Amino acid sequence: MNLCMIGTGYVGLVSGTCFADIGHTVYCVDKDINKIKRLNLGQSPIFEPGLDELIKENYRSKRLFFTTNISEALNKSDIIFICVGTPNKKNSLSVDLSYVLKVAKEISKFSKNKKIIVTKSTVPVGSGDLIEKHLKNKKKFTVISNPEFLREGDAVRDFRYPDRIVIGSNSPYAFKIMKNLYLPLINKGAKFFTTNRKGAELIKYASNAFLATKITFINEIANLCEQTGINVEDISLGMGSDARIGGRFLRAGPAYGGSCFPKDTKGLVSIAEKAKIDLSIVKSVIKSNEKRKFLLLKRIDYIFGKNVKNKRIVFLGVTFKPNTDDMRDAVSLFMIPHLLKRKAIVSYYDPTGEKKEFQKLNNCNFYSDVDKACKNADLIILHTEWDEFKSLNFSKISRNKKFILYDLRNLYSLAEMKRKKIKYFSIGRSNIN
Ligand code: NAD
């Protein structure tokens with residue numbers, strides 16, 4: 001089949017490339033000229049393991065094309081995927097659908113014949129109906145919901161081996177076409193799940209809100225563990241071994257961040273408010289997660305005995321999770337400016353390089369390797385669990401000065417830290433002083 005992905009970001013680029021890899025011809029469109037230029041030079045604009053090779057292979061095989069010309073791409077394609085962003089509106093919980101609706105208008109304006117429009121962007125319940133309203137000749141289009149569940153850092157694998165493919169429509173014809181599109185994945189065991197359009201739209205928000213709830217729950221239990229001398233990892237294991245609960249998303253850490261959970265939990269509350277439903281659980285998850293960021297700062301005060309002034313604080317990893325360069329809603333974006341405001345001296349290292357978000361901040365320096373970043377550190381904060389932080393050379397790091405380690409990901413065992421005589425603080429476990 002010939003497909004057009006509108007929006008070549010994390011979702012559009014990964015799914016477009018992977019669709020090409022299972023044999024479809026894919027036109028990836030973006031309004032960002034630089035992004036398209038880079039892609040046509042064989043450079044991926046994002047860091048995602050395994051993606052670069054797939055882009056190159058499929059581009060060479062002429063199954064994958066990158067363009068800014070939406071009209072041409074649309075008219076070469078049978079199915080059009082909307083993959084643009086759906087952020088929260090400024091200072092509001094509600095979802096900004098303007099990018100999606102703009103694309104709907106463009107599809108309507110440029111399409112010369114019948115098209116299937118598939119919404120892959122995460123959109124509020126009823127957005128499919130709204131998209132239809134923005135299409136001039138409604139009869140020419142079939143609008144389907146196909147929410148995306150890929151995780152950054154594991155996105156290629158998640159596309160190839162999805163837990164489920166969710167299709168929302170009221171038309172049996174739509175299900176047939178979409179089943180055909182995904183057949184290579186269904187043949188490998190992916191579950192093909194169909195529901196109506198609004199149902200599919202809600203499945204995505206409900207899934208993300210549930211996962212955010214699970215994380216927030218164990219984070220609050222970790223607070224309790226810290227006060228009661230219990231190791232939260234035992235609780236995660238003891239709870240997670242119950243098949244009804246499951247161990248995933250049950251590891252305590254910093255607050256959740258990233259491009260989806262913060263915006264989708266808020267989005268779901270706003271969808272519910274419009275329907276006059278009080279989603280009190282999701283609301284308290286949002287509140288607890290915000291509170292947690294302040295709690296982490298308070299703990300740094302406690303570690304230093306109140307004052308962070310002139311303390312050299314190093315962040316190892318600043319992205320919201322490993323194996324991605326995505327900085328959206330990373331906890332470091334909150335912590336670093338707060339520490340700087342209180343006159344700490346911050347440096348950071350991240351395997352995906354320097355971040356534009358910190359470039360203009362005074363006393364916040366990027367280093368291109370761990371040792372340089374950690375030289376003379378008073379406190380090292382393990383912010384993101386990249387593999388390369390799991391076996392740090394502590395004797396090399398402490399050559400110049402003794403440091404304290406604050407491990408937000410519980411990467412190290414208490415026994416090892418005790419043995420190495422490192423002053424160590426982690427999440428939901430006892431301190432080593
Ligand atoms: P992104 O910001 O990385 O990409 C969006 C792209 O759309 C950008 O490159 C932008 O230039 C482009 N764009 C915007 N308007 C356009 C237009 N009119 N024409 C052409 N291109 C246009 O966003 P993302 O992370 O890929 O997310 C996209 C959607 O997928 C969101 O709704 C998000 O919630 C959802 N989603 C994201 C993830 C994830 O892990 N990132 C996972 C599942 C679902």
# chains A, B, ... in the order shown; residues from 1 in each chain; ligands from 1

$ closest_atom_pairs --of "chain A" --to "ligand 1" --cutoff "7 Å" --atoms "only C-alpha atoms and all ligand atoms" --output "CSV"
residue,atom,partner,partner_atom_place_in_ligand_line,distance
A:Ile6,CA,ligand 1,20 (C),5.2
A:Gly7,CA,ligand 1,7 (O),3.3
A:Thr8,CA,ligand 1,9 (O),4.8
A:Gly9,CA,ligand 1,4 (O),3.2
A:Tyr10,CA,ligand 1,26 (O),3.7
A:Val11,CA,ligand 1,26 (O),3.8
A:Gly12,CA,ligand 1,26 (O),5.7
A:Val29,CA,ligand 1,20 (C),5.6
A:Asp30,CA,ligand 1,21 (N),3.5
A:Lys31,CA,ligand 1,20 (C),4.2
A:Asp32,CA,ligand 1,11 (O),4.9
A:Cys83,CA,ligand 1,28 (C),4.9
A:Val84,CA,ligand 1,7 (O),3.8
A:Gly85,CA,ligand 1,31 (C),4.1
A:Thr86,CA,ligand 1,32 (O),4.3
A:Tyr99,CA,ligand 1,15 (N),5.2
A:Lys102,CA,ligand 1,18 (N),5.9
A:Val103,CA,ligand 1,18 (N),5.0
A:Lys120,CA,ligand 1,30 (O),6.1
A:Ser121,CA,ligand 1,32 (O),3.5
A:Thr122,CA,ligand 1,32 (O),3.9
A:Val123,CA,ligand 1,32 (O),6.3
A:Pro147,CA,ligand 1,44 (C),6.8
A:Glu148,CA,ligand 1,43 (C),4.6
A:Phe149,CA,ligand 1,43 (C),4.8
A:Leu150,CA,ligand 1,42 (C),5.1
A:Arg151,CA,ligand 1,40 (O),5.1
A:Glu152,CA,ligand 1,40 (O),4.9
A:Ser259,CA,ligand 1,41 (N),5.6
A:Cys260,CA,ligand 1,34 (O),5.5

$ write_last_selection --atoms "N, CA, C and O atoms" --output "CSV table (one decimal), in the first residue's frame"
chain,number,residue,atom,x,y,z
A,6,ILE,N,1.8,12.3,7.9
A,6,ILE,CA,1.9,13.8,8.1
A,6,ILE,C,2.4,14.1,9.5
A,6,ILE,O,1.7,13.8,10.5
A,7,GLY,N,3.6,14.7,9.6
A,7,GLY,CA,4.3,14.8,10.9
A,7,GLY,C,5.4,13.8,11.0
A,7,GLY,O,5.0,12.6,11.1
A,8,THR,N,6.6,14.2,10.8
A,8,THR,CA,7.7,13.2,10.8
A,8,THR,C,8.5,13.3,12.1
A,8,THR,O,9.7,13.6,12.1
A,9,GLY,N,7.8,13.3,13.2
A,9,GLY,CA,8.5,13.3,14.5
A,9,GLY,C,8.7,11.9,15.1
A,9,GLY,O,8.9,11.0,14.3
A,10,TYR,N,8.8,11.8,16.4
A,10,TYR,CA,9.1,10.5,17.0
A,10,TYR,C,8.1,9.4,16.5
A,10,TYR,O,8.5,8.3,16.1
A,11,VAL,N,6.8,9.8,16.4
A,11,VAL,CA,5.8,8.8,16.0
A,11,VAL,C,5.8,8.6,14.5
A,11,VAL,O,5.8,7.5,14.0
A,12,GLY,N,5.7,9.7,13.7
A,12,GLY,CA,5.6,9.6,12.3
A,12,GLY,C,6.8,9.0,11.6
A,12,GLY,O,6.7,8.2,10.7
A,29,VAL,N,5.9,13.3,5.5
A,29,VAL,CA,5.8,14.8,5.2
A,29,VAL,C,6.1,15.5,6.5
A,29,VAL,O,5.6,15.1,7.6
A,30,ASP,N,6.8,16.6,6.4
A,30,ASP,CA,6.9,17.5,7.6
A,30,ASP,C,7.0,19.0,7.1
A,30,ASP,O,7.5,19.2,6.0
A,31,LYS,N,6.5,19.9,7.9
A,31,LYS,CA,6.6,21.3,7.6
A,31,LYS,C,8.0,21.8,7.9
A,31,LYS,O,8.4,22.9,7.5
A,32,ASP,N,8.8,21.1,8.7
A,32,ASP,CA,10.1,21.5,9.1
A,32,ASP,C,11.1,21.1,8.0
A,32,ASP,O,11.5,20.0,7.9
A,83,CYS,N,0.1,12.4,12.3
A,83,CYS,CA,1.1,12.1,13.4
A,83,CYS,C,1.7,13.4,14.0
A,83,CYS,O,2.8,13.4,14.4
A,84,VAL,N,0.9,14.5,13.9
A,84,VAL,CA,1.5,15.8,14.5
A,84,VAL,C,1.2,15.8,16.0
A,84,VAL,O,0.5,15.0,16.5
A,85,GLY,N,1.9,16.8,16.6
A,85,GLY,CA,1.8,16.9,18.1
A,85,GLY,C,0.4,17.3,18.6
A,85,GLY,O,-0.4,18.0,17.9
A,86,THR,N,0.1,16.9,19.8
A,86,THR,CA,-1.1,17.4,20.5
A,86,THR,C,-0.8,17.8,21.9
A,86,THR,O,-1.1,17.1,22.9
A,99,TYR,N,-3.0,21.6,15.5
A,99,TYR,CA,-2.1,21.0,14.5
A,99,TYR,C,-2.8,19.9,13.7
A,99,TYR,O,-2.7,19.8,12.5
A,102,LYS,N,-5.5,21.5,11.4
A,102,LYS,CA,-4.8,22.2,10.3
A,102,LYS,C,-4.5,21.2,9.2
A,102,LYS,O,-4.8,21.4,8.0
A,103,VAL,N,-4.0,20.0,9.7
A,103,VAL,CA,-3.7,18.9,8.7
A,103,VAL,C,-5.0,18.4,8.1
A,103,VAL,O,-5.0,18.2,6.8
A,120,LYS,N,-3.1,8.9,14.2
A,120,LYS,CA,-2.2,8.2,15.1
A,120,LYS,C,-1.8,9.2,16.2
A,120,LYS,O,-1.4,8.7,17.3
A,121,SER,N,-1.9,10.4,16.1
A,121,SER,CA,-1.7,11.4,17.2
A,121,SER,C,-2.7,11.0,18.3
A,121,SER,O,-3.8,10.5,18.0
A,122,THR,N,-2.3,11.3,19.5
A,122,THR,CA,-3.2,11.0,20.7
A,122,THR,C,-4.2,12.2,20.7
A,122,THR,O,-3.8,13.3,21.0
A,123,VAL,N,-5.4,11.9,20.5
A,123,VAL,CA,-6.4,12.9,20.4
A,123,VAL,C,-7.6,12.7,21.4
A,123,VAL,O,-8.0,11.5,21.6
A,147,PRO,N,-4.6,4.7,17.6
A,147,PRO,CA,-3.6,5.3,18.5
A,147,PRO,C,-2.3,4.5,18.6
A,147,PRO,O,-2.2,3.3,18.3
A,148,GLU,N,-1.2,5.3,18.9
A,148,GLU,CA,0.1,4.7,18.9
A,148,GLU,C,0.6,4.4,20.3
A,148,GLU,O,0.4,5.3,21.2
A,149,PHE,N,1.2,3.3,20.5
A,149,PHE,CA,1.6,2.9,21.9
A,149,PHE,C,3.1,2.8,22.0
A,149,PHE,O,3.6,2.3,23.0
A,150,LEU,N,3.9,3.1,21.0
A,150,LEU,CA,5.3,2.9,21.0
A,150,LEU,C,6.0,3.7,22.2
A,150,LEU,O,5.5,4.7,22.6
A,151,ARG,N,7.0,3.1,22.7
A,151,ARG,CA,7.8,3.8,23.8
A,151,ARG,C,9.1,4.3,23.2
A,151,ARG,O,9.8,3.5,22.5
A,152,GLU,N,9.4,5.5,23.4
A,152,GLU,CA,10.7,6.0,22.9
A,152,GLU,C,11.8,5.2,23.5
A,152,GLU,O,11.7,4.8,24.7
A,259,SER,N,7.2,12.9,26.9
A,259,SER,CA,6.3,13.6,25.9
A,259,SER,C,4.9,13.2,26.1
A,259,SER,O,4.0,13.8,25.4
A,260,CYS,N,4.6,12.1,26.8
A,260,CYS,CA,3.2,11.6,26.9
A,260,CYS,C,2.5,11.7,28.2
A,260,CYS,O,1.5,12.3,28.3

$ residues_around --residues "His338 in chain A" --least-positions-apart "2" --cutoff "12 Å" --atoms "only C-alpha atoms" --output "PyMOL selection string"
chain A and resi 293-294+296-298+300-301+308-309+331-336+340-346+361+364

$ residues_around --residues "range 271-276 of chain A" --least-positions-apart "5" --cutoff "12 Å" --atoms "only C-alpha atoms" --output "list of chain:residue names"
A:Asn88, A:Leu93, A:Ser94, A:Val95, A:Asp96, A:Val123, A:Pro124, A:Val125, A:Gly126, A:Ser127, A:Lys198, A:Glu201, A:Leu202, A:Tyr205, A:Ala206, A:Asp264, A:Thr265, A:Lys266, A:Ile281, A:Val282, A:Lys283

$ atom_distance --atom1 "CA of Ile82 in chain A" --atom2 "CA of Ile286 in chain A"
27.6 Å

$ atom_distance --atom1 "CA of Phe403 in chain A" --atom2 "CA of Ala252 in chain A"
23.5 Å

$ select_by_dssp --residues "range 83-193 of chain A" --states "helix (DSSP H, G or I)" --output "MDAnalysis selection string"
chainID A and resid 98:110 127:133 138:140 155:160 172:181 183:186

$ atom_distance --atom1 "CA of Ser236 in chain A" --atom2 "CA of Asn223 in chain A"
13.3 Å

$ residues_around --residues "Ile22 in chain A" --least-positions-apart "6" --cutoff "9 Å" --atoms "only C-alpha atoms" --output "PyMOL selection string"
chain A and resi 182+184-185

$ write_last_selection --atoms "N, CA and C atoms" --output "PDB file, in the first residue's frame"
ATOM      1  N   TYR A 182      -1.620  -4.030   8.468  1.00  0.00           N
ATOM      2  CA  TYR A 182      -0.805  -4.542   9.580  1.00  0.00           C
ATOM      3  C   TYR A 182      -0.570  -6.052   9.501  1.00  0.00           C
ATOM      4  N   PRO A 184       1.517  -8.230   8.212  1.00  0.00           N
ATOM      5  CA  PRO A 184       2.793  -8.866   8.590  1.00  0.00           C
ATOM      6  C   PRO A 184       2.999  -8.919  10.112  1.00  0.00           C
ATOM      7  N   LEU A 185       2.473  -7.920  10.833  1.00  0.00           N
ATOM      8  CA  LEU A 185       2.630  -7.918  12.302  1.00  0.00           C
ATOM      9  C   LEU A 185       1.604  -8.851  12.944  1.00  0.00           C
TER      10      LEU A 185
END

$ residues_around --residues "range 353-359 of chain A" --least-positions-apart "4" --cutoff "9 Å" --atoms "only C-alpha atoms" --output "MDAnalysis selection string"
chainID A and resid 318 325 327 333 336:337 348:349 364:368

$ decode --residues "range 131-145 of chain A" --atoms "all heavy atoms" --output "PDB file, in the first residue's frame"
ATOM      1  N   ILE A 131     -12.598  16.131  13.189  1.00  0.00           N
ATOM      2  CA  ILE A 131     -11.811  16.089  11.944  1.00  0.00           C
ATOM      3  C   ILE A 131     -12.775  16.011  10.756  1.00  0.00           C
ATOM      4  O   ILE A 131     -12.627  16.750   9.779  1.00  0.00           O
ATOM      5  CB  ILE A 131     -10.831  14.884  11.957  1.00  0.00           C
ATOM      6  CG1 ILE A 131      -9.721  15.132  12.980  1.00  0.00           C
ATOM      7  CG2 ILE A 131     -10.247  14.623  10.566  1.00  0.00           C
ATOM      8  CD1 ILE A 131      -8.815  13.941  13.255  1.00  0.00           C
ATOM      9  N   GLU A 132     -13.792  15.160  10.869  1.00  0.00           N
ATOM     10  CA  GLU A 132     -14.774  15.037   9.770  1.00  0.00           C
ATOM     11  C   GLU A 132     -15.398  16.389   9.455  1.00  0.00           C
ATOM     12  O   GLU A 132     -15.602  16.741   8.301  1.00  0.00           O
ATOM     13  CB  GLU A 132     -15.865  14.039  10.149  1.00  0.00           C
ATOM     14  CG  GLU A 132     -15.474  12.608   9.801  1.00  0.00           C
ATOM     15  CD  GLU A 132     -16.527  11.583  10.171  1.00  0.00           C
ATOM     16  OE1 GLU A 132     -17.547  11.949  10.794  1.00  0.00           O
ATOM     17  OE2 GLU A 132     -16.305  10.394   9.844  1.00  0.00           O
ATOM     18  N   LYS A 133     -15.683  17.147  10.512  1.00  0.00           N
ATOM     19  CA  LYS A 133     -16.303  18.471  10.316  1.00  0.00           C
ATOM     20  C   LYS A 133     -15.382  19.412   9.551  1.00  0.00           C
ATOM     21  O   LYS A 133     -15.849  20.356   8.905  1.00  0.00           O
ATOM     22  CB  LYS A 133     -16.662  19.094  11.664  1.00  0.00           C
ATOM     23  CG  LYS A 133     -17.935  18.538  12.226  1.00  0.00           C
ATOM     24  CD  LYS A 133     -18.421  19.355  13.412  1.00  0.00           C
ATOM     25  CE  LYS A 133     -19.576  18.629  14.090  1.00  0.00           C
ATOM     26  NZ  LYS A 133     -19.543  18.696  15.523  1.00  0.00           N
ATOM     27  N   HIS A 134     -14.081  19.192   9.660  1.00  0.00           N
ATOM     28  CA  HIS A 134     -13.128  20.065   8.964  1.00  0.00           C
ATOM     29  C   HIS A 134     -12.846  19.607   7.538  1.00  0.00           C
ATOM     30  O   HIS A 134     -12.038  20.224   6.841  1.00  0.00           O
ATOM     31  CB  HIS A 134     -11.822  20.165   9.757  1.00  0.00           C
ATOM     32  CG  HIS A 134     -11.932  21.106  10.919  1.00  0.00           C
ATOM     33  ND1 HIS A 134     -12.665  20.825  12.046  1.00  0.00           N
ATOM     34  CD2 HIS A 134     -11.428  22.354  11.102  1.00  0.00           C
ATOM     35  CE1 HIS A 134     -12.593  21.835  12.887  1.00  0.00           C
ATOM     36  NE2 HIS A 134     -11.846  22.784  12.341  1.00  0.00           N
ATOM     37  N   LEU A 135     -13.466  18.517   7.121  1.00  0.00           N
ATOM     38  CA  LEU A 135     -13.246  18.020   5.755  1.00  0.00           C
ATOM     39  C   LEU A 135     -14.377  18.537   4.877  1.00  0.00           C
ATOM     40  O   LEU A 135     -15.558  18.379   5.220  1.00  0.00           O
ATOM     41  CB  LEU A 135     -13.234  16.487   5.751  1.00  0.00           C
ATOM     42  CG  LEU A 135     -12.159  15.835   6.621  1.00  0.00           C
ATOM     43  CD1 LEU A 135     -12.404  14.334   6.746  1.00  0.00           C
ATOM     44  CD2 LEU A 135     -10.765  16.088   6.038  1.00  0.00           C
ATOM     45  N   LYS A 136     -14.010  19.138   3.750  1.00  0.00           N
ATOM     46  CA  LYS A 136     -15.051  19.763   2.922  1.00  0.00           C
ATOM     47  C   LYS A 136     -15.988  18.727   2.306  1.00  0.00           C
ATOM     48  O   LYS A 136     -17.183  18.775   2.482  1.00  0.00           O
ATOM     49  CB  LYS A 136     -14.383  20.597   1.831  1.00  0.00           C
ATOM     50  CG  LYS A 136     -14.285  22.053   2.235  1.00  0.00           C
ATOM     51  CD  LYS A 136     -13.989  22.920   1.039  1.00  0.00           C
ATOM     52  CE  LYS A 136     -13.511  24.282   1.501  1.00  0.00           C
ATOM     53  NZ  LYS A 136     -12.330  24.696   0.745  1.00  0.00           N
ATOM     54  N   ASN A 137     -15.409  17.769   1.583  1.00  0.00           N
ATOM     55  CA  ASN A 137     -16.237  16.755   0.961  1.00  0.00           C
ATOM     56  C   ASN A 137     -16.140  15.473   1.781  1.00  0.00           C
ATOM     57  O   ASN A 137     -15.350  14.577   1.496  1.00  0.00           O
ATOM     58  CB  ASN A 137     -15.732  16.527  -0.477  1.00  0.00           C
ATOM     59  CG  ASN A 137     -16.654  15.615  -1.235  1.00  0.00           C
ATOM     60  OD1 ASN A 137     -17.592  15.064  -0.658  1.00  0.00           O
ATOM     61  ND2 ASN A 137     -16.381  15.445  -2.509  1.00  0.00           N
ATOM     62  N   LYS A 138     -16.977  15.417   2.837  1.00  0.00           N
ATOM     63  CA  LYS A 138     -16.890  14.350   3.836  1.00  0.00           C
ATOM     64  C   LYS A 138     -16.941  12.952   3.218  1.00  0.00           C
ATOM     65  O   LYS A 138     -16.279  12.030   3.680  1.00  0.00           O
ATOM     66  CB  LYS A 138     -18.053  14.515   4.821  1.00  0.00           C
ATOM     67  CG  LYS A 138     -17.605  14.597   6.261  1.00  0.00           C
ATOM     68  CD  LYS A 138     -18.750  14.935   7.166  1.00  0.00           C
ATOM     69  CE  LYS A 138     -19.495  13.692   7.635  1.00  0.00           C
ATOM     70  NZ  LYS A 138     -20.516  13.999   8.636  1.00  0.00           N
ATOM     71  N   LYS A 139     -17.744  12.820   2.144  1.00  0.00           N
ATOM     72  CA  LYS A 139     -17.964  11.489   1.557  1.00  0.00           C
ATOM     73  C   LYS A 139     -16.696  10.897   0.955  1.00  0.00           C
ATOM     74  O   LYS A 139     -16.576   9.701   0.758  1.00  0.00           O
ATOM     75  CB  LYS A 139     -19.053  11.591   0.491  1.00  0.00           C
ATOM     76  CG  LYS A 139     -20.424  11.703   1.088  1.00  0.00           C
ATOM     77  CD  LYS A 139     -21.489  11.233   0.113  1.00  0.00           C
ATOM     78  CE  LYS A 139     -22.861  11.404   0.744  1.00  0.00           C
ATOM     79  NZ  LYS A 139     -23.694  12.330  -0.006  1.00  0.00           N
ATOM     80  N   LYS A 140     -15.742  11.792   0.644  1.00  0.00           N
ATOM     81  CA  LYS A 140     -14.490  11.332   0.016  1.00  0.00           C
ATOM     82  C   LYS A 140     -13.568  10.641   1.032  1.00  0.00           C
ATOM     83  O   LYS A 140     -12.613   9.980   0.663  1.00  0.00           O
ATOM     84  CB  LYS A 140     -13.763  12.578  -0.539  1.00  0.00           C
ATOM     85  CG  LYS A 140     -13.332  12.435  -1.978  1.00  0.00           C
ATOM     86  CD  LYS A 140     -12.964  13.735  -2.640  1.00  0.00           C
ATOM     87  CE  LYS A 140     -11.744  14.433  -2.101  1.00  0.00           C
ATOM     88  NZ  LYS A 140     -11.396  15.665  -2.818  1.00  0.00           N
ATOM     89  N   PHE A 141     -13.868  10.822   2.330  1.00  0.00           N
ATOM     90  CA  PHE A 141     -12.908  10.381   3.351  1.00  0.00           C
ATOM     91  C   PHE A 141     -13.509   9.399   4.358  1.00  0.00           C
ATOM     92  O   PHE A 141     -14.684   9.513   4.706  1.00  0.00           O
ATOM     93  CB  PHE A 141     -12.380  11.597   4.130  1.00  0.00           C
ATOM     94  CG  PHE A 141     -11.734  12.628   3.247  1.00  0.00           C
ATOM     95  CD1 PHE A 141     -12.428  13.780   2.863  1.00  0.00           C
ATOM     96  CD2 PHE A 141     -10.440  12.443   2.776  1.00  0.00           C
ATOM     97  CE1 PHE A 141     -11.833  14.727   2.049  1.00  0.00           C
ATOM     98  CE2 PHE A 141      -9.846  13.387   1.959  1.00  0.00           C
ATOM     99  CZ  PHE A 141     -10.545  14.536   1.589  1.00  0.00           C
ATOM    100  N   THR A 142     -12.688   8.468   4.805  1.00  0.00           N
ATOM    101  CA  THR A 142     -13.039   7.609   5.938  1.00  0.00           C
ATOM    102  C   THR A 142     -12.050   7.950   7.040  1.00  0.00           C
ATOM    103  O   THR A 142     -10.838   7.877   6.826  1.00  0.00           O
ATOM    104  CB  THR A 142     -12.857   6.114   5.554  1.00  0.00           C
ATOM    105  OG1 THR A 142     -13.595   5.878   4.365  1.00  0.00           O
ATOM    106  CG2 THR A 142     -13.307   5.192   6.657  1.00  0.00           C
ATOM    107  N   VAL A 143     -12.553   8.337   8.199  1.00  0.00           N
ATOM    108  CA  VAL A 143     -11.652   8.743   9.296  1.00  0.00           C
ATOM    109  C   VAL A 143     -11.604   7.634  10.358  1.00  0.00           C
ATOM    110  O   VAL A 143     -12.636   7.230  10.897  1.00  0.00           O
ATOM    111  CB  VAL A 143     -12.115  10.078   9.927  1.00  0.00           C
ATOM    112  CG1 VAL A 143     -11.170  10.483  11.062  1.00  0.00           C
ATOM    113  CG2 VAL A 143     -12.198  11.173   8.875  1.00  0.00           C
ATOM    114  N   ILE A 144     -10.399   7.163  10.606  1.00  0.00           N
ATOM    115  CA  ILE A 144     -10.202   6.023  11.525  1.00  0.00           C
ATOM    116  C   ILE A 144      -9.273   6.455  12.662  1.00  0.00           C
ATOM    117  O   ILE A 144      -8.373   7.252  12.456  1.00  0.00           O
ATOM    118  CB  ILE A 144      -9.524   4.853  10.759  1.00  0.00           C
ATOM    119  CG1 ILE A 144     -10.407   4.410   9.582  1.00  0.00           C
ATOM    120  CG2 ILE A 144      -9.213   3.680  11.669  1.00  0.00           C
ATOM    121  CD1 ILE A 144      -9.722   3.394   8.665  1.00  0.00           C
ATOM    122  N   SER A 145      -9.468   5.871  13.840  1.00  0.00           N
ATOM    123  CA  SER A 145      -8.515   6.115  14.930  1.00  0.00           C
ATOM    124  C   SER A 145      -7.594   4.895  15.086  1.00  0.00           C
ATOM    125  O   SER A 145      -8.065   3.764  15.108  1.00  0.00           O
ATOM    126  CB  SER A 145      -9.281   6.353  16.238  1.00  0.00           C
ATOM    127  OG  SER A 145      -8.385   6.307  17.321  1.00  0.00           O
TER     128      SER A 145
END
